Structures are given as C-alpha cells and as structure tokens.
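Pasted below: model.cif, mmCIF, C-alpha atoms and all ligand atoms.
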data_model
loop_
_atom_site.label_atom_id
_atom_site.label_comp_id
_atom_site.auth_asym_id
_atom_site.auth_seq_id
_atom_site.Cartn_x
_atom_site.Cartn_y
_atom_site.Cartn_z
CA MET N 1 -39.03 -51.08 -102.08
CA SER N 2 -41.80 -48.50 -101.97
CA ILE N 3 -43.38 -47.25 -105.16
CA ALA N 4 -41.94 -43.78 -104.62
CA THR N 5 -38.36 -45.06 -104.31
CA GLU N 6 -38.81 -47.30 -107.28
CA SER N 7 -39.98 -44.43 -109.44
CA ASN N 8 -37.19 -42.20 -108.14
CA GLN N 9 -34.71 -44.79 -109.23
CA HIS N 10 -36.50 -45.09 -112.53
CA SER N 11 -36.38 -41.35 -113.17
CA HIS N 12 -32.67 -41.45 -112.25
CA GLU N 13 -32.12 -44.01 -114.96
CA ILE N 14 -34.10 -41.93 -117.42
CA THR N 15 -32.01 -38.85 -116.63
CA HIS N 16 -28.78 -40.80 -117.05
CA LEU N 17 -29.92 -42.25 -120.37
CA GLN N 18 -31.05 -38.87 -121.71
CA GLN N 19 -27.75 -37.30 -120.67
CA GLN N 20 -25.77 -39.94 -122.54
CA LYS N 21 -27.88 -39.51 -125.64
CA LEU N 22 -27.61 -35.73 -125.39
CA TYR N 23 -23.76 -35.92 -125.34
CA GLU N 24 -23.91 -38.11 -128.43
CA LEU N 25 -26.29 -35.69 -130.15
CA LEU N 26 -24.16 -32.63 -129.36
CA ALA N 27 -21.00 -34.31 -130.65
CA TYR N 28 -22.88 -35.45 -133.75
CA VAL N 29 -24.46 -32.12 -134.74
CA SER N 30 -21.29 -30.16 -134.00
CA GLN N 31 -19.58 -32.42 -136.56
CA ASN N 32 -22.32 -32.86 -139.15
CA SER N 33 -24.98 -30.13 -139.03
CA PRO N 34 -24.14 -26.92 -140.92
CA PHE N 35 -26.93 -25.14 -139.05
CA TYR N 36 -25.89 -26.14 -135.54
CA LYS N 37 -22.16 -25.76 -136.24
CA GLU N 38 -22.86 -22.15 -137.14
CA LEU N 39 -25.19 -21.65 -134.17
CA PHE N 40 -22.60 -23.01 -131.71
CA ALA N 41 -19.88 -20.80 -133.21
CA LYS N 42 -22.07 -17.70 -133.17
CA HIS N 43 -23.08 -18.16 -129.53
CA ARG N 44 -19.65 -19.48 -128.46
CA ILE N 45 -21.09 -22.72 -127.21
CA ASP N 46 -18.55 -25.29 -126.11
CA ILE N 47 -20.41 -28.59 -125.94
CA LYS N 48 -17.96 -29.80 -123.27
CA ASN N 49 -19.64 -27.37 -120.89
CA ILE N 50 -22.97 -29.11 -121.28
CA LYS N 51 -22.69 -31.73 -118.59
CA THR N 52 -26.23 -32.19 -117.28
CA LEU N 53 -29.67 -32.01 -118.81
CA ALA N 54 -30.18 -28.65 -117.10
CA ASP N 55 -27.19 -27.24 -119.03
CA ILE N 56 -29.15 -27.64 -122.25
CA THR N 57 -30.60 -24.17 -121.58
CA ALA N 58 -27.26 -22.69 -122.65
CA ILE N 59 -28.18 -23.59 -126.23
CA PRO N 60 -30.48 -21.11 -128.03
CA THR N 61 -33.81 -22.52 -129.20
CA THR N 62 -34.54 -23.32 -132.85
CA ALA N 63 -37.81 -22.27 -134.49
CA LYS N 64 -39.86 -23.48 -137.42
CA ASP N 65 -38.75 -20.48 -139.47
CA ASP N 66 -35.10 -21.61 -139.09
CA LEU N 67 -36.06 -25.02 -140.38
CA GLN N 68 -37.94 -23.48 -143.27
CA GLN N 69 -35.38 -20.91 -144.32
CA ARG N 70 -32.38 -23.20 -143.93
CA ASN N 71 -33.94 -26.57 -144.51
CA ASP N 72 -30.88 -28.18 -146.18
CA ASP N 73 -28.48 -26.92 -143.50
CA PHE N 74 -30.18 -29.18 -140.97
CA LEU N 75 -29.25 -32.27 -142.96
CA CYS N 76 -26.40 -34.23 -141.32
CA VAL N 77 -25.90 -36.94 -143.92
CA SER N 78 -25.16 -37.14 -147.64
CA ARG N 79 -28.18 -37.39 -149.95
CA SER N 80 -27.39 -41.00 -150.75
CA LYS N 81 -28.17 -42.00 -147.16
CA ILE N 82 -31.72 -40.59 -147.30
CA VAL N 83 -34.44 -43.21 -147.71
CA GLU N 84 -37.60 -41.17 -147.00
CA HIS N 85 -38.33 -37.54 -147.84
CA THR N 86 -41.27 -36.58 -145.64
CA SER N 87 -42.74 -33.13 -145.44
CA THR N 88 -44.72 -30.86 -143.20
CA SER N 89 -46.37 -27.54 -143.94
CA GLY N 90 -44.27 -24.53 -143.08
CA THR N 91 -45.37 -21.26 -141.52
CA LEU N 92 -44.22 -19.29 -144.54
CA GLY N 93 -46.12 -21.30 -147.10
CA ARG N 94 -43.37 -23.50 -148.51
CA PRO N 95 -43.32 -27.09 -147.18
CA VAL N 96 -40.47 -28.19 -144.91
CA THR N 97 -38.70 -31.43 -145.77
CA ILE N 98 -37.69 -33.85 -143.05
CA ALA N 99 -35.30 -36.43 -144.50
CA LEU N 100 -34.96 -39.82 -142.84
CA THR N 101 -32.16 -42.37 -143.10
CA GLU N 102 -32.61 -46.11 -142.74
CA ASN N 103 -31.75 -45.77 -139.02
CA ASP N 104 -34.31 -42.98 -138.66
CA LEU N 105 -37.00 -45.18 -140.18
CA ASN N 106 -36.09 -47.90 -137.70
CA ARG N 107 -36.26 -45.35 -134.91
CA LEU N 108 -39.66 -44.20 -136.20
CA ALA N 109 -40.90 -47.80 -136.18
CA TYR N 110 -39.63 -48.33 -132.62
CA ASN N 111 -41.32 -45.07 -131.55
CA GLU N 112 -44.68 -46.11 -132.96
CA TYR N 113 -44.27 -49.65 -131.65
CA ASN N 114 -43.98 -48.17 -128.15
CA SER N 115 -46.93 -45.87 -128.86
CA PHE N 116 -49.26 -48.68 -129.85
CA LEU N 117 -48.10 -50.81 -126.91
CA CYS N 118 -48.86 -47.84 -124.67
CA ALA N 119 -52.35 -47.65 -126.22
CA ASP N 120 -52.99 -51.28 -125.20
CA GLY N 121 -52.11 -52.75 -128.60
CA SER N 122 -50.94 -56.33 -129.11
CA ALA N 123 -50.33 -58.93 -131.82
CA GLU N 124 -53.96 -59.98 -131.35
CA ASP N 125 -55.18 -56.67 -132.78
CA THR N 126 -56.07 -55.70 -136.32
CA TYR N 127 -55.96 -51.97 -137.08
CA GLN N 128 -57.92 -50.27 -139.83
CA LEU N 129 -55.89 -47.21 -140.87
CA MET N 130 -58.24 -44.40 -141.89
CA LEU N 131 -55.52 -42.00 -143.01
CA THR N 132 -53.22 -41.49 -145.93
CA LEU N 133 -49.97 -43.37 -146.36
CA ASP N 134 -48.71 -41.29 -149.24
CA ARG N 135 -48.20 -37.58 -150.00
CA GLN N 136 -44.96 -37.57 -147.96
CA PHE N 137 -47.04 -37.99 -144.79
CA MET N 138 -44.82 -39.29 -142.02
CA ALA N 139 -47.53 -40.39 -139.57
CA GLY N 140 -48.99 -42.86 -142.07
CA ILE N 141 -45.77 -44.83 -142.47
CA ALA N 142 -45.04 -44.47 -138.75
CA TYR N 143 -48.33 -46.21 -137.85
CA TYR N 144 -47.75 -48.83 -140.50
CA LEU N 145 -44.22 -49.62 -139.27
CA GLY N 146 -45.19 -49.55 -135.59
CA ILE N 147 -48.15 -51.88 -136.02
CA ARG N 148 -46.02 -54.27 -138.07
CA LYS N 149 -43.43 -54.32 -135.28
CA ILE N 150 -46.13 -55.24 -132.76
CA GLY N 151 -47.18 -58.07 -135.02
CA ALA N 152 -50.78 -56.89 -135.33
CA GLY N 153 -52.77 -56.91 -138.54
CA ILE N 154 -53.15 -53.84 -140.76
CA ILE N 155 -55.93 -52.78 -143.12
CA ARG N 156 -54.70 -49.77 -145.11
CA LEU N 157 -57.99 -48.30 -146.14
CA GLY N 158 -57.04 -44.64 -146.28
CA PRO N 159 -59.13 -41.58 -145.31
CA GLY N 160 -62.80 -40.88 -146.03
CA VAL N 161 -65.47 -43.01 -147.71
CA PRO N 162 -67.58 -44.12 -144.70
CA ALA N 163 -69.46 -46.72 -146.77
CA LEU N 164 -66.22 -48.48 -147.68
CA GLN N 165 -64.93 -48.20 -144.09
CA TRP N 166 -68.01 -49.97 -142.74
CA GLU N 167 -68.09 -52.56 -145.48
CA THR N 168 -64.46 -53.39 -144.65
CA ILE N 169 -65.06 -53.42 -140.88
CA GLN N 170 -67.87 -55.91 -141.36
CA ARG N 171 -65.84 -58.07 -143.73
CA LEU N 172 -62.35 -58.05 -142.13
CA LYS N 173 -63.34 -57.45 -138.49
CA PRO N 174 -60.61 -55.08 -137.23
CA THR N 175 -60.39 -54.69 -133.44
CA ALA N 176 -59.19 -51.09 -133.66
CA ILE N 177 -59.18 -48.06 -135.91
CA VAL N 178 -56.70 -45.20 -136.33
CA ALA N 179 -58.60 -42.06 -137.35
CA VAL N 180 -59.26 -38.36 -136.96
CA PRO N 181 -61.97 -37.96 -134.25
CA SER N 182 -64.28 -35.78 -136.36
CA PHE N 183 -64.18 -38.49 -139.03
CA ILE N 184 -65.21 -41.06 -136.41
CA LEU N 185 -68.31 -38.91 -135.83
CA LYS N 186 -69.04 -39.07 -139.56
CA LEU N 187 -68.67 -42.86 -139.44
CA ILE N 188 -71.16 -43.00 -136.59
CA GLN N 189 -73.63 -40.82 -138.46
CA PHE N 190 -73.28 -42.94 -141.58
CA ALA N 191 -73.86 -46.13 -139.56
CA LYS N 192 -76.99 -44.63 -137.97
CA ASP N 193 -78.34 -43.57 -141.37
CA SER N 194 -77.64 -47.01 -142.84
CA GLY N 195 -78.97 -49.09 -139.99
CA ILE N 196 -75.58 -50.53 -138.97
CA ASP N 197 -75.45 -51.56 -135.31
CA ILE N 198 -72.03 -50.12 -134.46
CA ASN N 199 -71.87 -51.62 -131.00
CA SER N 200 -72.09 -55.12 -132.33
CA THR N 201 -69.09 -54.68 -134.66
CA SER N 202 -65.57 -55.98 -133.96
CA VAL N 203 -64.10 -52.50 -133.25
CA LYS N 204 -63.30 -51.95 -129.57
CA LYS N 205 -60.86 -49.05 -129.61
CA ALA N 206 -59.69 -46.05 -131.59
CA VAL N 207 -56.32 -44.33 -131.72
CA CYS N 208 -57.28 -40.70 -132.30
CA ILE N 209 -55.02 -38.38 -134.27
CA GLY N 210 -54.97 -34.71 -135.21
CA GLU N 211 -57.73 -33.42 -132.91
CA ASN N 212 -58.24 -33.33 -129.16
CA ILE N 213 -60.70 -35.71 -127.56
CA ARG N 214 -60.11 -34.43 -124.04
CA ASN N 215 -60.23 -31.22 -122.09
CA ASN N 216 -57.19 -30.07 -120.18
CA ASP N 217 -58.36 -31.93 -117.06
CA PHE N 218 -58.42 -35.14 -119.16
CA THR N 219 -62.20 -35.49 -119.14
CA LEU N 220 -63.59 -36.18 -122.61
CA ASN N 221 -64.42 -33.00 -124.53
CA ILE N 222 -67.56 -32.63 -126.64
CA LEU N 223 -66.03 -34.52 -129.57
CA GLY N 224 -64.86 -37.34 -127.29
CA ARG N 225 -68.23 -37.49 -125.55
CA LYS N 226 -70.21 -37.47 -128.80
CA ILE N 227 -68.18 -40.43 -130.04
CA THR N 228 -68.38 -42.53 -126.88
CA GLU N 229 -72.07 -41.76 -126.20
CA SER N 230 -72.96 -43.49 -129.46
CA TRP N 231 -70.15 -45.97 -129.79
CA ASP N 232 -68.88 -48.01 -126.87
CA ILE N 233 -65.19 -47.95 -127.78
CA LYS N 234 -62.09 -46.85 -125.88
CA LEU N 235 -60.33 -43.75 -127.18
CA TYR N 236 -56.59 -43.17 -127.06
CA SER N 237 -55.20 -39.80 -128.01
CA THR N 238 -51.83 -39.35 -129.65
CA TYR N 239 -49.85 -36.19 -130.39
CA ALA N 240 -46.89 -36.04 -132.72
CA SER N 241 -45.20 -33.85 -135.28
CA THR N 242 -43.10 -34.61 -138.32
CA GLU N 243 -40.16 -32.61 -136.98
CA MET N 244 -39.84 -34.59 -133.75
CA GLN N 245 -40.38 -37.99 -135.41
CA THR N 246 -41.85 -39.17 -132.12
CA ALA N 247 -45.35 -39.58 -130.70
CA PHE N 248 -46.78 -38.85 -127.27
CA THR N 249 -49.51 -41.44 -126.78
CA GLU N 250 -51.98 -42.08 -124.01
CA CYS N 251 -52.07 -45.30 -122.05
CA GLY N 252 -55.35 -46.86 -120.91
CA ALA N 253 -55.55 -44.36 -118.04
CA GLY N 254 -56.10 -41.51 -120.54
CA LYS N 255 -54.17 -38.98 -118.48
CA GLY N 256 -51.97 -37.41 -121.10
CA GLY N 257 -49.52 -38.52 -123.79
CA HIS N 258 -46.49 -40.33 -122.40
CA ASN N 259 -43.07 -39.03 -123.33
CA GLN N 260 -40.68 -41.59 -124.76
CA ALA N 261 -37.65 -40.43 -122.82
CA ASP N 262 -35.13 -42.39 -124.87
CA LEU N 263 -36.32 -40.65 -128.05
CA VAL N 264 -36.84 -37.00 -127.12
CA ILE N 265 -36.05 -34.53 -124.39
CA VAL N 266 -39.10 -32.34 -123.91
CA GLU N 267 -39.21 -28.89 -122.33
CA LEU N 268 -42.25 -26.66 -121.91
CA LEU N 269 -41.14 -23.05 -122.21
CA ASP N 270 -42.73 -19.71 -121.43
CA GLU N 271 -42.36 -16.60 -123.59
CA ASN N 272 -38.87 -15.97 -122.17
CA ASP N 273 -37.73 -19.52 -122.92
CA GLN N 274 -37.93 -20.50 -119.26
CA GLN N 275 -39.24 -23.91 -118.19
CA VAL N 276 -42.78 -23.67 -116.79
CA ALA N 277 -44.07 -25.57 -113.74
CA PRO N 278 -46.35 -28.62 -114.03
CA GLY N 279 -49.89 -27.56 -114.90
CA THR N 280 -48.79 -24.24 -116.43
CA PRO N 281 -49.17 -23.77 -120.19
CA GLY N 282 -45.90 -23.72 -122.11
CA GLU N 283 -44.60 -24.26 -125.64
CA VAL N 284 -43.58 -27.84 -126.40
CA THR N 285 -39.87 -27.70 -127.17
CA ILE N 286 -38.10 -30.86 -128.15
CA THR N 287 -34.62 -32.25 -128.61
CA THR N 288 -34.55 -35.39 -130.73
CA LEU N 289 -32.43 -38.28 -129.49
CA GLY N 290 -30.96 -40.85 -131.87
CA VAL N 291 -31.99 -39.04 -135.06
CA GLU N 292 -29.41 -39.25 -137.85
CA GLY N 293 -30.79 -37.31 -140.84
CA MET N 294 -32.17 -34.09 -139.37
CA PRO N 295 -31.73 -34.01 -135.59
CA LEU N 296 -33.16 -30.99 -133.76
CA LEU N 297 -31.97 -29.26 -130.63
CA ARG N 298 -34.42 -27.34 -128.47
CA TYR N 299 -36.86 -27.03 -131.36
CA LYS N 300 -39.98 -24.99 -130.56
CA THR N 301 -43.00 -26.71 -132.04
CA GLY N 302 -45.44 -23.81 -131.61
CA ASP N 303 -47.83 -26.10 -129.71
CA ILE N 304 -48.99 -25.02 -126.26
CA CYS N 305 -49.94 -27.48 -123.54
CA THR N 306 -49.30 -28.36 -119.90
CA TYR N 307 -47.42 -31.32 -118.43
CA ASP N 308 -47.63 -33.63 -115.45
CA ASP N 309 -44.54 -35.35 -114.04
CA GLU N 310 -46.22 -37.46 -111.37
CA PRO N 311 -45.98 -41.24 -111.97
CA CYS N 312 -48.95 -42.52 -113.99
CA ILE N 313 -51.26 -45.21 -112.63
CA CYS N 314 -50.12 -47.42 -115.53
CA GLY N 315 -46.71 -47.59 -113.83
CA ARG N 316 -44.82 -45.40 -116.28
CA THR N 317 -42.89 -42.56 -114.67
CA THR N 318 -42.33 -40.52 -117.81
CA LEU N 319 -43.66 -37.00 -118.23
CA ARG N 320 -47.16 -36.71 -119.72
CA LEU N 321 -48.43 -33.94 -121.99
CA SER N 322 -51.97 -32.57 -121.79
CA PRO N 323 -54.07 -32.13 -124.93
CA ILE N 324 -52.72 -29.33 -127.13
CA MET N 325 -54.43 -26.13 -126.00
CA GLY N 326 -53.58 -24.31 -129.20
CA ARG N 327 -50.88 -22.87 -131.40
CA LYS N 328 -48.70 -20.22 -129.85
CA LYS N 329 -49.36 -17.81 -132.74
CA GLN N 330 -53.10 -18.08 -132.15
CA MET N 331 -52.94 -17.10 -128.49
CA ILE N 332 -55.53 -14.43 -127.66
CA LYS N 333 -54.93 -12.01 -124.82
CA PHE N 334 -58.40 -10.76 -124.12
CA LYS N 335 -59.16 -8.36 -121.28
CA GLY N 336 -56.65 -9.94 -118.94
CA THR N 337 -57.28 -13.58 -119.82
CA THR N 338 -55.33 -15.84 -122.14
CA LEU N 339 -57.33 -17.94 -124.57
CA TYR N 340 -56.69 -20.36 -127.40
CA PRO N 341 -59.16 -20.96 -130.25
CA PRO N 342 -59.79 -24.67 -129.40
CA ALA N 343 -61.10 -23.71 -125.94
CA LEU N 344 -63.44 -21.19 -127.55
CA PHE N 345 -64.61 -23.76 -130.11
CA GLU N 346 -65.36 -26.12 -127.25
CA LEU N 347 -67.38 -23.45 -125.43
CA LEU N 348 -69.39 -22.51 -128.50
CA ASN N 349 -69.99 -26.11 -129.61
CA GLU N 350 -71.54 -26.90 -126.27
CA ARG N 351 -74.67 -24.74 -126.57
CA GLU N 352 -77.75 -25.63 -128.55
CA GLU N 353 -78.57 -21.92 -128.85
CA ILE N 354 -75.49 -21.58 -131.07
CA ARG N 355 -76.03 -23.28 -134.41
CA ASP N 356 -72.81 -22.15 -136.06
CA PHE N 357 -70.09 -19.58 -135.48
CA VAL N 358 -66.89 -17.89 -136.60
CA ILE N 359 -64.42 -16.31 -134.21
CA GLU N 360 -62.62 -13.22 -135.44
CA VAL N 361 -59.67 -11.70 -133.61
CA SER N 362 -58.39 -8.26 -134.47
CA SER N 363 -56.25 -5.55 -132.87
CA ASN N 364 -57.93 -2.43 -131.56
CA ASP N 365 -56.36 1.03 -131.88
CA ILE N 366 -54.15 0.52 -128.83
CA GLY N 367 -52.90 -2.86 -130.06
CA MET N 368 -55.02 -5.02 -127.75
CA ASP N 369 -56.71 -8.18 -128.98
CA GLN N 370 -60.40 -7.87 -129.69
CA VAL N 371 -62.70 -10.86 -130.08
CA SER N 372 -65.80 -10.77 -132.28
CA LEU N 373 -68.15 -13.70 -132.68
CA TYR N 374 -70.33 -14.27 -135.71
CA VAL N 375 -73.12 -16.48 -134.46
CA VAL N 376 -76.05 -18.21 -136.10
CA PRO N 377 -78.54 -18.37 -133.23
CA ALA N 378 -81.12 -21.13 -132.85
CA GLU N 379 -83.75 -18.38 -132.87
CA LEU N 380 -83.63 -14.61 -133.25
CA THR N 381 -85.29 -13.74 -129.96
CA ASP N 382 -84.25 -11.61 -127.00
CA GLU N 383 -84.44 -14.66 -124.80
CA CYS N 384 -82.01 -16.65 -126.96
CA ASP N 385 -79.67 -13.66 -127.15
CA HIS N 386 -79.80 -13.31 -123.39
CA ARG N 387 -78.99 -16.98 -122.80
CA ILE N 388 -75.99 -16.83 -125.17
CA ARG N 389 -74.60 -13.68 -123.55
CA ALA N 390 -75.11 -14.95 -120.02
CA TYR N 391 -73.41 -18.23 -120.90
CA LEU N 392 -70.37 -16.57 -122.48
CA GLN N 393 -70.08 -14.09 -119.63
CA ALA N 394 -70.15 -16.95 -117.10
CA ARG N 395 -67.66 -19.14 -118.91
CA LEU N 396 -65.28 -16.51 -120.27
CA ARG N 397 -65.62 -13.92 -117.49
CA VAL N 398 -65.53 -11.33 -120.27
CA SER N 399 -68.01 -10.47 -123.01
CA PRO N 400 -66.91 -10.71 -126.61
CA HIS N 401 -68.63 -8.67 -129.28
CA ILE N 402 -71.44 -10.75 -130.81
CA LYS N 403 -72.91 -10.28 -134.28
CA TYR N 404 -75.87 -12.45 -135.24
CA VAL N 405 -75.89 -13.66 -138.82
CA THR N 406 -77.90 -16.06 -140.96
CA ALA N 407 -76.77 -19.52 -142.06
CA GLU N 408 -76.12 -18.14 -145.58
CA GLU N 409 -74.03 -15.28 -144.26
CA ILE N 410 -71.86 -17.53 -142.10
CA GLN N 411 -71.24 -19.81 -145.09
CA LYS N 412 -69.83 -16.83 -146.96
CA ILE N 413 -67.50 -16.00 -144.07
CA GLN N 414 -66.39 -19.59 -143.53
CA PHE N 415 -65.59 -20.24 -147.17
CA SER N 416 -64.41 -16.76 -148.14
CA GLU N 417 -60.84 -17.78 -148.99
CA ALA N 418 -61.88 -20.50 -151.43
CA SER N 419 -61.12 -22.93 -148.64
CA ARG N 420 -62.44 -26.46 -148.89
CA LYS N 421 -62.82 -26.61 -145.13
CA ALA N 422 -65.03 -24.26 -143.11
CA ILE N 423 -62.90 -21.58 -141.44
CA LYS N 424 -63.97 -21.04 -137.82
CA PHE N 425 -61.12 -18.81 -136.71
CA ILE N 426 -60.06 -15.63 -138.50
CA ASP N 427 -56.98 -13.83 -137.29
CA LYS N 428 -56.88 -10.20 -138.45
CA ARG N 429 -54.22 -9.05 -136.00
CA ALA N 430 -51.26 -7.12 -137.35
ZN ZN Y 501 -49.97 -44.10 -118.16
#

Could you rewrite the structure in this file as structure tokens?
Amino acid sequence: MSIATESNQHSHEITHLQQQKLYELLAYVSQNSPFYKELFAKHRIDIKNIKTLADITAIPTTAKDDLQQRNDDFLCVSRSKIVEHTSTSGTLGRPVTIALTENDLNRLAYNEYNSFLCADGSAEDTYQLMLTLDRQFMAGIAYYLGIRKIGAGIIRLGPGVPALQWETIQRLKPTAIVAVPSFILKLIQFAKDSGIDINSTSVKKAVCIGENIRNNDFTLNILGRKITESWDIKLYSTYASTEMQTAFTECGAGKGGHNQADLVIVELLDENDQQVAPGTPGEVTITTLGVEGMPLLRYKTGDICTYDDEPCICGRTTLRLSPIMGRKKQMIKFKGTTLYPPALFELLNEREEIRDFVIEVSSNDIGMDQVSLYVVPAELTDECDHRIRAYLQARLRVSPHIKYVTAEEIQKIQFSEASRKAIKFIDKRA
C-alpha cells in the first residue's frame, strides 16, 4: 500500500470517528445543556439533519462572550459531579469557569499523555514543571496528569526563581523542562551570570507554553533562536486553551501543533464564518468531543492561525496548526495590509537600532487603523533614524508613524496602567 493510500484510509477513519463522536455530542447537549437547547430551538436546528462533519456549519458559532454571560447555562451535569473548577480570564473582566467531571479529568490526562508522547516524551524522562499548579490553572494539572500517565518523573517546581530552578536541575537531573519561552531566556541569562555550563546539564528538551517560538513558516523566531543559540536543547511548542481542554502539540518535526482528532473538531473560519483554505489565516474554532461537564460546539477561541492538512513526516495525518499569529480583536488593518501585534513585535525585536518600543493603534477620523511606534533608538542620529525607517518600509511595505522617546519616557508608557508587566501594545481604537 502506498503512503498516500494509507493516509487516505487513515483520514477516512478519523472522519468516521469524529462523526460518531459529533452525533453523541449533539444528542448529549440537546438533552443536558441549557445554552445549546435554547440555541437549537431558536435557530430551529434538528440534530437529525446533521449527518456529516460538513453539516456542522448549520449550527451557529459560540463566542467567549456567550460563555462569560451565561457561564452556568453551559454546564451539563449537576454540581455534585464536578471535581475541578478551573478558570480562564474573560473578555469582559470577570473570569470564566470551566467545570470538569471525573471523566473530563481523565480525558484531560489522556489529551496531555498524547501531547507529551507527540513531543517525544517517554517513561525515561523526568520533567521539571516551571509553571503553577494552583490558582485554578488547568494547564498545570493537565501536564501533571499527562506526564504521570506516560510514567515519566515530575518535579513540580513552579514558576520563577531561576536560582532554585538551576539548583534543582543540578540535583535531580531532569531530562526536560516545561516552561514559558521568555522564562527560559531568563534561565539562560542567570546561568551565564552564575557560571553554570548549561550545555553540560541533564536537560535535553523543553516543552514551550504560552508564547510562540516559531514564525509562521515554522522556522524558529527570535525567541526560539535566542534560546537554542545558547542552549543546545530541542524545543516543542504547544498551544491549548482552558475552554477546549485539549492541546495542539508539535512532534519532533516542529511543523505545527497536531490536532487530536478524537478530542476536538477544529475549523479555521474567516470573518463570515466560512472555512479558510490551508495556509490562509482563520480563527481557531473548536468543537469538543467527549467532554461531559461543559462541552462546546463551534466555539470561537479568538486565536488566529493557519493550518496544514498534508501528512506530517512523523507519520501522523492529523491537521496541524501554525503558531498563533495573534488575537482576532488585535488585528490591525493598516493601509491595505493585515497585521497582528506578535508579527510587529518580532520585526521590532530583530533590530539592534531599536532598543525598546511600544506600538499604539488608533482610529483616524475616517475610522481606519493608524499605527504609531514609540521607539527608543540606539542613538539619536539621522543615520540611525534612516536605517530604522528603511527597515520598516522594506518589511512592512508601509511606513508607520514613528516617535522617538527616551528610556525613561517609554517606561512611563509601558507601565502607565499600574501594570506589573511592560505593555508593548496599546489599542486605542473605538
Ligand atoms: Zn508530526
């Protein structure tokens, strides 16, 4: 059998499995979910008419605001069946609760077990977890449960404190870490300052969470390059959200996060809720499969990325998601081009002439997006100014408004809202 036929057959099986699980989900929510019962009635949706995966488009999408405003109406079980109350920040300020049953926790463990297997994990590994396991944070317990299921060792060190991280690495010799990429950079810096030879330690790989380590073409971005230039470890990116209770994790090929087809149906939708083609940016929209507490149907995550449905060189035939390009709400339409803040950050981080920056987006008097950059230049000379402008013109094809400021001035802008973290993107649009 040729590889192509094999993968065709495989994708047939995936489709069949997803269809079965979708029928079960539709029957379940139409019985148990106050929110979806009402939605089906309002839009006169007869679930018997949904026969194939393509028919799912008959169901209206669900947004984060629905989940926030009607949080309890998404719950399909009695309170006594809930074992974990996890939460995620909402768009309207108030946190959103995602309640999990015992079965959901088992599903979460299975999901993360697959994720770590995908990221070349085995029982031989020991993972140092550099993230929180409390504060209702779902990812923390997901990693913990998944690693346990693999049979690997776990060191629950928590976030921050580079000195303690290194002391523990040297003492307990983990083979892998799970961390936020920018924190890995801090670890590297700390090691350099303290004379620790990082490349002779036991750590050989890192599962990276929360921030992109790759560009959209899967090459390492500046953050990914800065890490690997100093530290000879393999990086695996993973993308997940509390609402979907499922992770998209890279395999060793590093060509996008693999979809776990038995756990979610994923669609990438344009502004009119139409499926986009491979390689075209769309909003990640998910339908959870096998979730008991708070299942979601065609839930729009707000995250924009592209997908690839070609078989991966690792042998998996499931769809792969690119790094997240940005949040839908942060999309900038600037003089005919579409931009997301992370791509701009990447551009601005790349140049030594730019010491620090803040991007400000506002609406002009005809309602178009306007981009202003506050930049701390390496030097206040015409030559430096010229190099910055020429670079931005070449890379963006358009020229944003640039205002040069001092290091003190940019501090005031970055921390103006009593934020503990430097703000690099200010959205002043109506
Ligand atoms: Zn792969």

Quiz item: Skipping near chain neighbours, those fewer than 4 positions away, what residues fall within 12 Å of Phe116 in chain N using all atoms listed in the file, listed as a PyMOL selection string?
Solution: chain N and resi 109-112+120-123+125-127+142-152+176-178+205-208+236-238+247-252+257-258

Quiz prompt | Counting all atoms listed in the file, the residue of N:Thr280, N:Ser30, N:Thr175, N:Gln69 that sits nearest Gly153 in chain N | solution =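 When distances to Gly153 in chain N are compared using all atoms listed in the file, the smallest one comes from N:Thr175.
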
Quiz item: So which one's closest to Phe334 in chain N, N:Thr168, N:Ser399, N:Gln275, N:Thr306? Using all atoms listed in the file, please.
Solution: N:Ser399

Quiz item: Would you name the residues within 12 Å of ligand ZN 501 (chain Y), counting all atoms listed in the file, and put them as JSON, numbers by chain?
Solution: {"N": [115, 117, 118, 119, 120, 236, 237, 248, 249, 250, 251, 252, 253, 254, 255, 256, 257, 258, 259, 260, 308, 309, 310, 311, 312, 313, 314, 315, 316, 317, 318, 319, 320, 321]}

Quiz item: Quick one, how far is CA of Pro174 in chain N from CA of Ala240 in chain N?
Solution: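 CA of Ala240 in chain N lies at a distance of 23.9 Å from CA of Pro174 in chain N.
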
Quiz prompt | Atom pair CA of Lys335 in chain N / CA of His401 in chain N: separation (Å) | solution =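 The value is 12.4 Å.
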
Exercise. Could you give me, as a ChimeraX atom specification, the residues within 9 Å of range 20-23 of chain N, counting only C-alpha atoms and dropping anything in the same chain fewer than 6 positions from it?
Key: /N:47-48,50-53,56,262-263,265,287-290

Quiz item: Separation of CA of Pro342 in chain N and CA of Met325 in chain N, in Å?
Solution: 6.5 Å

Self-check item: Shell around Ile198 in chain N at 10 Å using only C-alpha atoms, local window under 2 positions removed, as a list in words
Solution: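 Selected residues are Trp166, Gln170, Leu187, Ile188, Ala191, Lys192, Gly195, Ile196, Ser200, Thr201, Ser202, Val203, Ser230, Trp231, Asp232 and Ile233 of chain N.
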
Quiz item: Using all atoms listed in the file, which of N:Gln245, N:Glu292, N:Tyr28, N:Ile413 sits nearest Ser78 in chain N?
Solution: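 Ranked by minimum distance to Ser78 in chain N, first place goes to N:Glu292.
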
Quiz prompt | Exercise: Val180 in chain N partners within 12 Å, only C-alpha atoms, chain neighbours under 4 positions left out, as a list of chain:residue names | solution =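 Contacts, in chain order: N:Leu129, N:Met130, N:Leu131, N:Thr132, N:Gly158, N:Pro159, N:Gly160, N:Ile184, N:Leu185, N:Lys186, N:Leu187, N:Ala206, N:Val207, N:Cys208, N:Ile209, N:Gly210, N:Glu211, N:Asn212, N:Ile213, N:Leu223, N:Gly224, N:Ile227, N:Leu235, N:Tyr236, N:Ser237, N:Thr238, N:Tyr239.
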
Quiz item: So which residues touch Val29 in chain N within 10 Å, counting only C-alpha atoms, skipping near sequence neighbours fewer than 4 positions away, as number ranges by chain?
Solution: N: 24-25, 33-37, 40, 74-76, 292, 294-297

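Between Lys328 in chain N and the residues N:Ala261, N:Ile366, N:Cys305, N:Leu164, the shortest atom-to-atom distance, using only C-alpha atoms, involves N:Cys305.
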